[in-house]
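Text of model07.cif, listed as mmCIF, C-alpha atoms:
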```cif
data_data
loop_
_atom_site.label_atom_id
_atom_site.label_comp_id
_atom_site.auth_asym_id
_atom_site.auth_seq_id
_atom_site.Cartn_x
_atom_site.Cartn_y
_atom_site.Cartn_z
CA MET A 1 11.83 1.25 -19.01
CA GLU A 2 14.71 -0.79 -20.22
CA GLY A 3 13.93 -4.28 -21.43
CA TYR A 4 10.17 -3.67 -21.70
CA PRO A 5 8.11 -1.96 -24.36
CA GLN A 6 7.09 1.52 -23.37
CA ILE A 7 3.35 1.97 -23.81
CA PRO A 8 1.33 5.18 -23.31
CA MET A 9 -1.14 3.56 -20.90
CA GLU A 10 1.47 3.46 -18.16
CA ARG A 11 1.26 7.21 -17.71
CA THR A 12 0.20 8.00 -14.21
CA GLY A 13 -2.60 10.37 -15.18
CA LYS A 14 -4.29 7.87 -17.47
CA ILE A 15 -4.09 5.07 -14.92
CA LEU A 16 -5.61 7.33 -12.26
CA ARG A 17 -8.31 8.46 -14.67
CA LYS A 18 -9.14 4.88 -15.58
CA SER A 19 -9.26 3.95 -11.88
CA ILE A 20 -11.65 6.78 -10.98
CA HIS A 21 -13.81 5.87 -13.98
CA THR A 22 -13.92 2.24 -12.82
CA PHE A 23 -14.86 3.32 -9.29
CA LEU A 24 -17.69 5.56 -10.51
CA GLN A 25 -18.88 3.00 -13.05
CA ASN A 26 -19.27 0.40 -10.30
CA TYR A 27 -20.05 2.88 -7.53
CA GLN A 28 -22.90 0.90 -6.01
CA TYR A 29 -20.87 -2.30 -5.65
CA PHE A 30 -17.75 -0.63 -4.27
CA THR A 31 -19.67 1.53 -1.77
CA THR A 32 -21.88 -1.28 -0.52
CA THR A 33 -19.77 -4.44 -0.56
CA SER A 34 -16.12 -3.37 -0.58
CA LEU A 35 -16.50 -0.25 1.54
CA ILE A 36 -18.57 -2.02 4.20
CA LEU A 37 -15.92 -4.75 4.41
CA ALA A 38 -13.14 -2.16 4.74
CA PHE A 39 -14.98 -0.03 7.32
CA PRO A 40 -14.22 -2.15 10.45
CA PHE A 41 -10.51 -2.05 9.63
CA SER A 42 -10.60 1.72 9.03
CA ALA A 43 -12.46 2.40 12.27
CA SER A 44 -10.15 0.17 14.32
CA PHE A 45 -7.01 1.56 12.69
CA LEU A 46 -7.97 5.16 13.40
CA LEU A 47 -8.88 4.23 16.95
CA SER A 48 -5.55 2.44 17.40
CA GLN A 49 -3.74 5.64 16.41
CA ALA A 50 -5.35 7.30 19.41
CA LEU A 51 -4.91 4.35 21.80
CA SER A 52 -1.33 3.36 20.93
CA PRO A 53 0.34 6.23 22.91
CA SER A 54 -1.36 5.01 26.09
CA SER A 55 -0.98 1.32 25.27
CA PRO A 56 1.39 -0.74 27.48
CA LEU A 57 2.82 -2.14 24.25
CA LEU A 58 4.39 1.19 23.28
CA PRO A 59 6.99 1.58 26.08
CA THR A 60 7.88 -2.11 25.80
CA ILE A 61 8.53 -1.84 22.07
CA GLN A 62 10.40 1.44 22.54
CA ASN A 63 12.73 -0.07 25.12
CA ARG A 64 13.42 -3.11 22.94
CA LEU A 65 14.18 -0.94 19.90
CA ARG A 66 16.38 1.37 21.95
CA SER A 67 18.36 -1.62 23.20
CA LEU A 68 18.65 -2.89 19.63
CA PHE A 69 19.87 0.50 18.37
CA ASP A 70 22.41 0.76 21.20
CA ALA A 71 23.72 -2.75 20.52
CA SER A 72 23.99 -1.93 16.80
CA GLY A 73 26.28 1.00 17.50
CA PHE A 74 23.90 3.77 16.56
CA PRO A 75 24.78 7.09 18.22
CA PRO A 76 22.34 7.71 21.11
CA SER A 77 22.62 11.47 20.55
CA SER A 78 21.27 11.24 16.99
CA GLU A 79 17.85 12.85 16.72
CA PHE A 80 17.09 10.74 13.65
CA PHE A 81 17.20 7.48 15.60
CA THR A 82 15.16 8.99 18.43
CA ILE A 83 12.39 9.91 15.99
CA LEU A 84 12.75 6.58 14.16
CA ASN A 85 12.41 4.70 17.44
CA LEU A 86 9.23 6.59 18.31
CA LYS A 87 7.62 6.20 14.88
CA LEU A 88 8.52 2.53 14.58
CA SER A 89 7.19 1.86 18.06
CA GLN A 90 3.89 3.58 17.30
CA THR A 91 3.58 1.77 13.97
CA LEU A 92 4.29 -1.63 15.51
CA ALA A 93 1.92 -1.05 18.42
CA SER A 94 -0.86 0.07 16.08
CA SER A 95 -0.23 -2.84 13.69
CA ILE A 96 -0.43 -5.37 16.51
CA LEU A 97 -3.69 -3.88 17.78
CA VAL A 98 -5.39 -4.02 14.36
CA LEU A 99 -3.81 -7.28 13.14
CA PRO A 100 -7.07 -9.31 13.38
CA PHE A 101 -8.90 -6.65 11.37
CA THR A 102 -6.08 -6.53 8.82
CA LEU A 103 -6.14 -10.25 8.17
CA SER A 104 -9.93 -10.39 8.01
CA PHE A 105 -11.84 -7.26 6.97
CA LEU A 106 -9.09 -5.45 5.04
CA LEU A 107 -8.13 -8.52 3.02
CA MET A 108 -11.78 -9.38 2.39
CA ALA A 109 -12.37 -5.85 1.08
CA LYS A 110 -9.36 -6.15 -1.23
CA ALA A 111 -10.51 -9.60 -2.34
CA SER A 112 -13.95 -8.27 -3.24
CA ILE A 113 -12.41 -5.49 -5.34
CA ILE A 114 -9.93 -7.78 -7.09
CA GLN A 115 -12.66 -10.33 -7.80
CA ALA A 116 -14.89 -7.65 -9.30
CA LEU A 117 -12.14 -6.28 -11.53
CA ASN A 118 -10.71 -9.61 -12.58
CA HIS A 119 -11.39 -10.42 -16.25
CA HIS A 120 -13.84 -7.47 -16.48
CA LYS A 121 -16.68 -9.53 -15.00
CA HIS A 122 -18.31 -6.72 -13.02
CA HIS A 123 -21.79 -7.95 -13.87
CA LEU A 124 -21.33 -11.41 -12.38
CA GLN A 125 -22.53 -12.06 -8.86
CA PRO A 126 -19.53 -13.57 -7.04
CA SER A 127 -20.11 -16.85 -5.23
CA TYR A 128 -18.72 -17.79 -1.85
CA SER A 129 -16.37 -20.41 -3.31
CA SER A 130 -14.97 -17.99 -5.87
CA PHE A 131 -14.50 -15.39 -3.14
CA LEU A 132 -12.49 -17.88 -1.05
CA SER A 133 -10.37 -18.72 -4.10
CA VAL A 134 -9.32 -15.06 -4.13
CA TYR A 135 -9.11 -14.49 -0.37
CA ASN A 136 -6.92 -17.49 0.50
CA PRO A 137 -4.00 -16.54 -1.81
CA ILE A 138 -4.23 -12.94 -0.61
CA LEU A 139 -4.04 -14.07 3.02
CA LEU A 140 -0.97 -16.20 2.28
CA THR A 141 0.67 -13.31 0.43
CA GLN A 142 -0.09 -10.90 3.27
CA ILE A 143 1.68 -13.20 5.73
CA CYS A 144 4.68 -13.33 3.40
CA ASN A 145 4.53 -9.54 3.08
CA PHE A 146 5.01 -9.21 6.84
CA PHE A 147 8.29 -11.09 6.56
CA VAL A 148 9.35 -9.07 3.50
CA VAL A 149 8.78 -5.78 5.33
CA LEU A 150 10.58 -7.14 8.39
CA SER A 151 13.50 -8.25 6.22
CA SER A 152 13.68 -4.85 4.52
CA ASN A 153 13.84 -3.08 7.88
CA ALA A 154 16.47 -5.51 9.14
CA THR A 155 18.56 -4.96 6.00
CA CYS A 156 18.37 -1.19 6.36
CA PHE A 157 19.37 -1.33 10.02
CA PHE A 158 22.27 -3.65 9.21
CA LEU A 159 23.59 -1.30 6.54
CA LEU A 160 23.17 1.72 8.81
CA SER A 161 24.94 -0.12 11.63
CA PHE A 162 27.78 -1.03 9.28
CA ALA A 163 28.04 2.61 8.12
CA PHE A 164 28.23 3.95 11.69
CA THR A 165 30.76 1.27 12.62
CA CYS A 166 32.96 2.36 9.70
CA LEU A 167 32.53 5.98 10.77
CA GLU A 168 33.65 5.11 14.26
CA SER A 169 36.64 3.08 13.01
CA PHE A 170 37.85 6.06 10.99
CA GLY A 171 37.61 8.33 14.03
CA TYR A 172 34.66 10.50 12.89
CA SER A 173 32.12 9.29 15.43
CA SER A 174 32.64 12.37 17.60
CA SER A 175 31.99 14.78 14.73
CA PRO A 176 28.41 16.16 14.88
CA SER A 177 28.47 17.10 11.19
CA SER A 178 29.48 13.56 10.18
CA ILE A 179 26.74 12.02 12.33
CA LEU A 180 24.19 14.48 10.94
CA PHE A 181 25.19 13.79 7.34
CA LEU A 182 25.10 10.02 7.78
CA SER A 183 21.79 10.22 9.64
CA ALA A 184 20.22 12.30 6.86
CA THR A 185 21.58 9.92 4.22
CA GLY A 186 20.26 6.97 6.21
CA ALA A 187 16.82 8.57 6.48
CA VAL A 188 16.60 9.04 2.71
CA PHE A 189 17.92 5.53 2.06
CA TYR A 190 15.50 3.98 4.57
CA SER A 191 12.53 5.87 3.08
CA ILE A 192 13.37 4.75 -0.46
CA ILE A 193 13.80 1.10 0.51
CA LEU A 194 10.60 1.06 2.58
CA ALA A 195 8.60 2.77 -0.19
CA HIS A 196 9.75 0.24 -2.78
CA THR A 197 9.00 -2.63 -0.41
CA LEU A 198 5.44 -1.47 0.30
CA ILE A 199 4.76 -0.94 -3.42
CA VAL A 200 5.93 -4.46 -4.24
CA CYS A 201 3.85 -5.89 -1.38
CA ASN A 202 0.69 -4.10 -2.55
CA LEU A 203 1.24 -5.25 -6.12
CA ALA A 204 1.86 -8.80 -4.86
CA LEU A 205 -1.52 -8.79 -3.08
CA VAL A 206 -3.29 -7.85 -6.30
CA SER A 207 -1.24 -10.37 -8.28
CA SER A 208 -2.14 -13.18 -5.90
CA GLY A 209 -5.84 -12.31 -6.14
CA MET A 210 -5.85 -11.95 -9.92
CA ASP A 211 -3.86 -15.11 -10.62
CA LYS A 212 -5.04 -17.03 -7.52
CA ARG A 213 -1.43 -17.85 -6.61
CA GLY A 214 -0.28 -16.55 -3.26
CA GLY A 215 2.88 -16.54 -1.24
CA SER A 216 6.40 -15.90 -2.44
CA ILE A 217 5.45 -16.58 -6.08
CA ALA A 218 3.22 -13.49 -6.10
CA ILE A 219 5.98 -11.36 -4.54
CA LEU A 220 8.52 -12.52 -7.10
CA LYS A 221 6.07 -11.82 -9.91
CA ALA A 222 5.43 -8.33 -8.54
CA CYS A 223 9.19 -7.68 -8.53
CA VAL A 224 9.39 -8.70 -12.18
CA LEU A 225 6.35 -6.67 -13.25
CA ILE A 226 7.48 -3.50 -11.51
CA LYS A 227 10.94 -3.57 -13.09
CA GLY A 228 11.40 -0.36 -15.06
CA ARG A 229 8.10 1.05 -13.78
CA THR A 230 9.13 2.12 -10.29
CA ALA A 231 8.62 5.82 -11.01
CA THR A 232 5.06 5.17 -12.18
CA ALA A 233 4.34 3.02 -9.14
CA LEU A 234 5.69 5.68 -6.77
CA ALA A 235 3.68 8.39 -8.50
CA LEU A 236 0.52 6.29 -8.16
CA ALA A 237 1.18 5.48 -4.49
CA LEU A 238 1.88 9.08 -3.50
CA PRO A 239 -1.69 10.48 -3.83
CA ALA A 240 -3.19 7.55 -1.90
CA ASN A 241 -0.66 7.79 0.92
CA MET A 242 -1.14 11.56 1.14
CA ALA A 243 -4.92 11.08 1.26
CA LEU A 244 -4.62 8.44 4.00
CA ALA A 245 -2.28 10.69 6.00
CA ALA A 246 -4.71 13.60 5.58
CA VAL A 247 -7.63 11.50 6.87
CA GLU A 248 -5.53 10.34 9.84
CA ALA A 249 -4.62 13.96 10.62
CA LEU A 250 -8.28 14.91 10.37
CA PHE A 251 -9.16 12.21 12.89
CA GLN A 252 -6.46 13.42 15.27
CA TYR A 253 -7.67 17.01 14.97
CA ARG A 254 -11.42 16.48 15.07
CA VAL A 255 -11.82 13.46 17.38
CA VAL A 256 -8.68 12.83 19.46
CA ARG A 257 -8.08 16.49 20.27
CA ALA A 258 -11.73 17.00 21.15
CA TYR A 259 -11.70 13.91 23.38
CA TYR A 260 -8.75 15.11 25.46
CA ALA A 261 -10.12 18.67 25.55
CA ALA A 262 -13.53 17.35 26.71
CA ASP A 263 -15.31 20.19 24.95
CA ARG A 264 -17.76 18.08 22.92
CA SER A 265 -20.28 15.34 23.58
CA PHE A 266 -19.33 11.72 23.08
CA SER A 267 -22.11 11.15 20.52
CA SER A 268 -20.86 13.92 18.21
CA MET A 269 -17.29 12.58 18.41
CA ALA A 270 -18.55 9.06 17.65
CA LEU A 271 -20.45 10.31 14.60
CA GLU A 272 -17.36 12.10 13.32
CA TRP A 273 -15.31 8.97 13.95
CA VAL A 274 -17.73 6.98 11.78
CA PHE A 275 -17.67 9.61 9.04
CA ILE A 276 -13.86 9.83 8.98
CA ALA A 277 -13.58 6.04 8.98
CA HIS A 278 -15.92 6.07 5.98
CA LEU A 279 -13.57 8.47 4.18
CA TYR A 280 -10.61 6.27 5.06
CA SER A 281 -12.40 3.25 3.60
CA ILE A 282 -13.10 5.09 0.35
CA VAL A 283 -9.40 5.90 -0.02
CA ILE A 284 -8.51 2.24 0.59
CA VAL A 285 -10.99 1.10 -2.06
CA ILE A 286 -9.73 3.59 -4.65
CA ASP A 287 -6.10 2.75 -3.86
CA THR A 288 -6.81 -0.96 -4.43
CA ILE A 289 -8.51 -0.17 -7.75
CA VAL A 290 -5.49 1.91 -8.82
CA THR A 291 -3.17 -0.99 -7.97
CA CYS A 292 -5.35 -3.38 -10.00
CA VAL A 293 -5.30 -1.07 -13.02
CA PHE A 294 -1.54 -0.63 -12.72
CA PHE A 295 -1.10 -4.40 -12.41
CA LYS A 296 -3.00 -4.99 -15.65
CA SER A 297 -1.02 -2.29 -17.43
CA CYS A 298 2.20 -4.02 -16.32
CA LYS A 299 0.91 -7.34 -17.61
CA ILE A 300 0.09 -5.78 -20.96
CA ALA A 301 3.59 -4.33 -21.17
CA CYS A 302 5.08 -7.75 -20.41
CA GLY A 303 2.70 -9.50 -22.81
CA LEU A 304 1.08 -11.60 -20.07
CA LEU A 305 -2.58 -10.79 -20.76
CA ASP A 306 -4.55 -12.80 -23.25
CA GLN A 307 -5.79 -11.12 -26.44
CA GLU A 308 -9.33 -10.39 -25.27
CA GLU A 309 -8.26 -8.88 -21.96
CA ARG A 310 -5.47 -6.89 -23.60
CA TYR A 311 -7.76 -5.37 -26.21
CA SER A 312 -10.58 -4.44 -23.84
CA PHE A 313 -8.22 -3.01 -21.23
CA GLN A 314 -6.20 -1.04 -23.80
CA ILE A 315 -9.34 0.55 -25.23
CA GLY A 316 -10.72 1.28 -21.76
CA ILE A 317 -7.67 3.01 -20.38
CA GLU A 318 -6.95 5.07 -23.48
CA GLY A 319 -10.54 6.23 -23.88
CA THR A 320 -11.17 7.92 -27.20
CA ASP A 321 -7.55 8.52 -28.18
CA LEU A 322 -7.50 7.09 -31.73
CA SER A 323 -3.71 6.78 -32.02
CA HIS A 324 -3.53 4.63 -28.90
CA THR A 325 -6.49 2.56 -30.06
CA VAL A 326 -4.64 1.83 -33.30
CA GLU A 327 -1.62 0.85 -31.25
CA ALA A 328 -3.75 -1.62 -29.27
CA VAL A 329 -4.97 -3.18 -32.52
CA LYS A 330 -1.37 -3.47 -33.75
CA ILE A 331 -0.41 -5.31 -30.57
CA LEU A 332 -3.23 -7.77 -31.16
CA GLN A 333 -2.28 -8.27 -34.78
CA GLU A 334 1.32 -9.02 -33.85
CA ASP A 335 0.22 -11.68 -31.37
CA ILE A 336 -2.16 -13.43 -33.78
CA PRO A 337 -0.23 -16.09 -35.75
#
```

Once more with this new file: its structure as structure tokens, please.
Amino acid sequence: MEGYPQIPMERTGKILRKSIHTFLQNYQYFTTTSLILAFPFSASFLLSQALSPSSPLLPTIQNRLRSLFDASGFPPSSEFFTILNLKLSQTLASSILVLPFTLSFLLMAKASIIQALNHHKHHLQPSYSSFLSVYNPILLTQICNFFVVLSSNATCFFLLSFAFTCLESFGYSSSPSSILFLSATGAVFYSIILAHTLIVCNLALVSSGMDKRGGSIAILKACVLIKGRTATALALALPANMALAAVEALFQYRVVRAYYAADRSFSSMALEWVFIAHLYSIVIVIDTIVTCVFFKSCKIACGLLDQEERYSFQIGIEGTDLSHTVEAVKILQEDIP
């Protein structure tokens, strides 16, 4: 973590432990307010995963992407680009179907969590005006995030197109081993870029809600805060993404497969859909809490929290570890003139 002070609270395990403790400490609020707000998005997103293969949007998006890949000089025989075309098409079709729920219920759920965790005021009953002051910057940042993700994908495709053009100019385009190697390298490169982009976007949403400043300013601040802490951010994002993928797979296995097999009643499938959407909402809530805790740990490392927040958060995340408590006191003493 070059250029920033390394502090023990940035360890992944302690941030996760603090996040779970925060969730359980405020269990009633998170499972009544935040979870209920996130539930419509979760239910619609899971349903879109089942509807997108039969949606008329999917073949349209697939054909457009295939034309784009062909015009960019990507080899049509590459299995990587065939899979990428399918996955991107499904993701875009699903995102378009749930876009109204994303901009409304999902962002309202995140706003309620950020508002509850901001400045440790869990006991205060949030007002409508204060909720809007958190939601509006988050909405603006989410719109900017769409363009950031789009730009990241466009950059990756440009670099991959340039690489395949160079391969063709050197006369290796007919070599299957060369195409396979470059495709595998491109897959790893694309995954790394996309993972970093999504982490920055999630951190920017929390930053905009905490500081009530949305848009590109929040994204730039997230880029600064995450510098030197990418490994921690990736380690924190991995469990949440695996849990979300597991819940999606459970929905495909228990509901979608049963629907096409027609071996169960509609009411039982609907009940399971509701239960799985509830699980998906819980993961979203916990993931947002983890991002908030990580955001505050980054601000402490950069010296951006005030003395009261820094002290209370340092003690909370370190628990009963006396050595780290002493370190928190030392930080406060150094800041006091």

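Proximity ranking of A:Gln252, A:Ser268, A:Ala154, A:Ser94 relative to Leu65 of chain A places A:Ala154 first, based on all atoms listed in the file.
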
Practice problem: Could you check how far atom CA of Val293 of chain A sits from atom CA of Pro40 of chain A, in Å to one decimal? | Solution: 25.1 Å

Exercise. Evaluate the PyMOL selection byres ((chain A and resi 189) around 12) and record the selected residues as a PyMOL selection string, following the chain and residue labels used in the document.
Key: chain A and resi 152-153+155-157+159-160+182-188+190-196

Exercise. Extract, using only C-alpha atoms, all DNA, RNA and protein residues at most 8 Å from Leu234 of chain A, discarding same-chain residues fewer than 2 positions from it, and format them as a ChimeraX atom specification.
Key: /A:195-196,199,230-232,236-238

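Within 10 Å of Phe294 of chain A, once all atoms listed in the file are used and residues closer than 4 positions along the same chain are dropped, the contacting residues are Met9, Glu10, Arg11, Thr12, Ile15, Leu16, Lys18, Ser19, Leu203, Val206, Leu225, Ile226, Arg229, Thr232, Ala233, Leu236, Thr288, Ile289, Val290, Cys298, Lys299 and Ile300 of chain A.
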
Export C-alpha atoms of the chosen residues as a tab-separated table (two decimals), in the frame of the given file?
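Okay, this is what ended up in part09.tsv:
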```
chain	number	residue	atom	x	y	z
A	9	MET	CA	-1.14	3.56	-20.90
A	10	GLU	CA	1.47	3.46	-18.16
A	11	ARG	CA	1.26	7.21	-17.71
A	12	THR	CA	0.20	8.00	-14.21
A	15	ILE	CA	-4.09	5.07	-14.92
A	16	LEU	CA	-5.61	7.33	-12.26
A	18	LYS	CA	-9.14	4.88	-15.58
A	19	SER	CA	-9.26	3.95	-11.88
A	203	LEU	CA	1.24	-5.25	-6.12
A	206	VAL	CA	-3.29	-7.85	-6.30
A	225	LEU	CA	6.35	-6.67	-13.25
A	226	ILE	CA	7.48	-3.50	-11.51
A	229	ARG	CA	8.10	1.05	-13.78
A	232	THR	CA	5.06	5.17	-12.18
A	233	ALA	CA	4.34	3.02	-9.14
A	236	LEU	CA	0.52	6.29	-8.16
A	288	THR	CA	-6.81	-0.96	-4.43
A	289	ILE	CA	-8.51	-0.17	-7.75
A	290	VAL	CA	-5.49	1.91	-8.82
A	298	CYS	CA	2.20	-4.02	-16.32
A	299	LYS	CA	0.91	-7.34	-17.61
A	300	ILE	CA	0.09	-5.78	-20.96
```

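Put simply, atom CA of Ser216 of chain A is 14.5 Å away from atom CA of Leu150 of chain A.
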
Quiz item: Restricting the calculation to all atoms listed in the file, which member of A:Ala270, A:Val134, A:Gln25, A:Gln49 is positioned closest to Arg213 of chain A?
Solution: A:Val134

Quiz item: How far is it from atom CA of Leu57 of chain A to atom CA of Ile143 of chain A, in Å with one decimal?
Solution: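 We find that atom CA of Leu57 of chain A and atom CA of Ile143 of chain A lie 21.6 Å from each other.
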
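Every residue that the PyMOL selection byres ((chain A and resi 217) around 12) selects in this file is listed here: Pro137, Ile138, Leu140, Thr141, Cys144, Asn145, Cys201, Ala204, Leu205, Ser207, Ser208, Asp211, Lys212, Arg213, Gly214, Gly215, Ser216, Ala218, Ile219, Leu220, Lys221, Ala222, Cys223 and Val224 of chain A.
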
Exercise. Write out as a PyMOL selection string which residues come within 12 Å of Ala249 of chain A when counting only C-alpha atoms, dropping same-chain ones fewer than 4 positions away.
Key: chain A and resi 46+49-50+242-245+253-257+276+280

Exercise. Point out the residue among A:Ser267, A:Asn202, A:Ala261, A:Lys110 with the least atom-to-atom distance to Val148 of chain A, counting all atoms listed in the file.
Key: A:Asn202
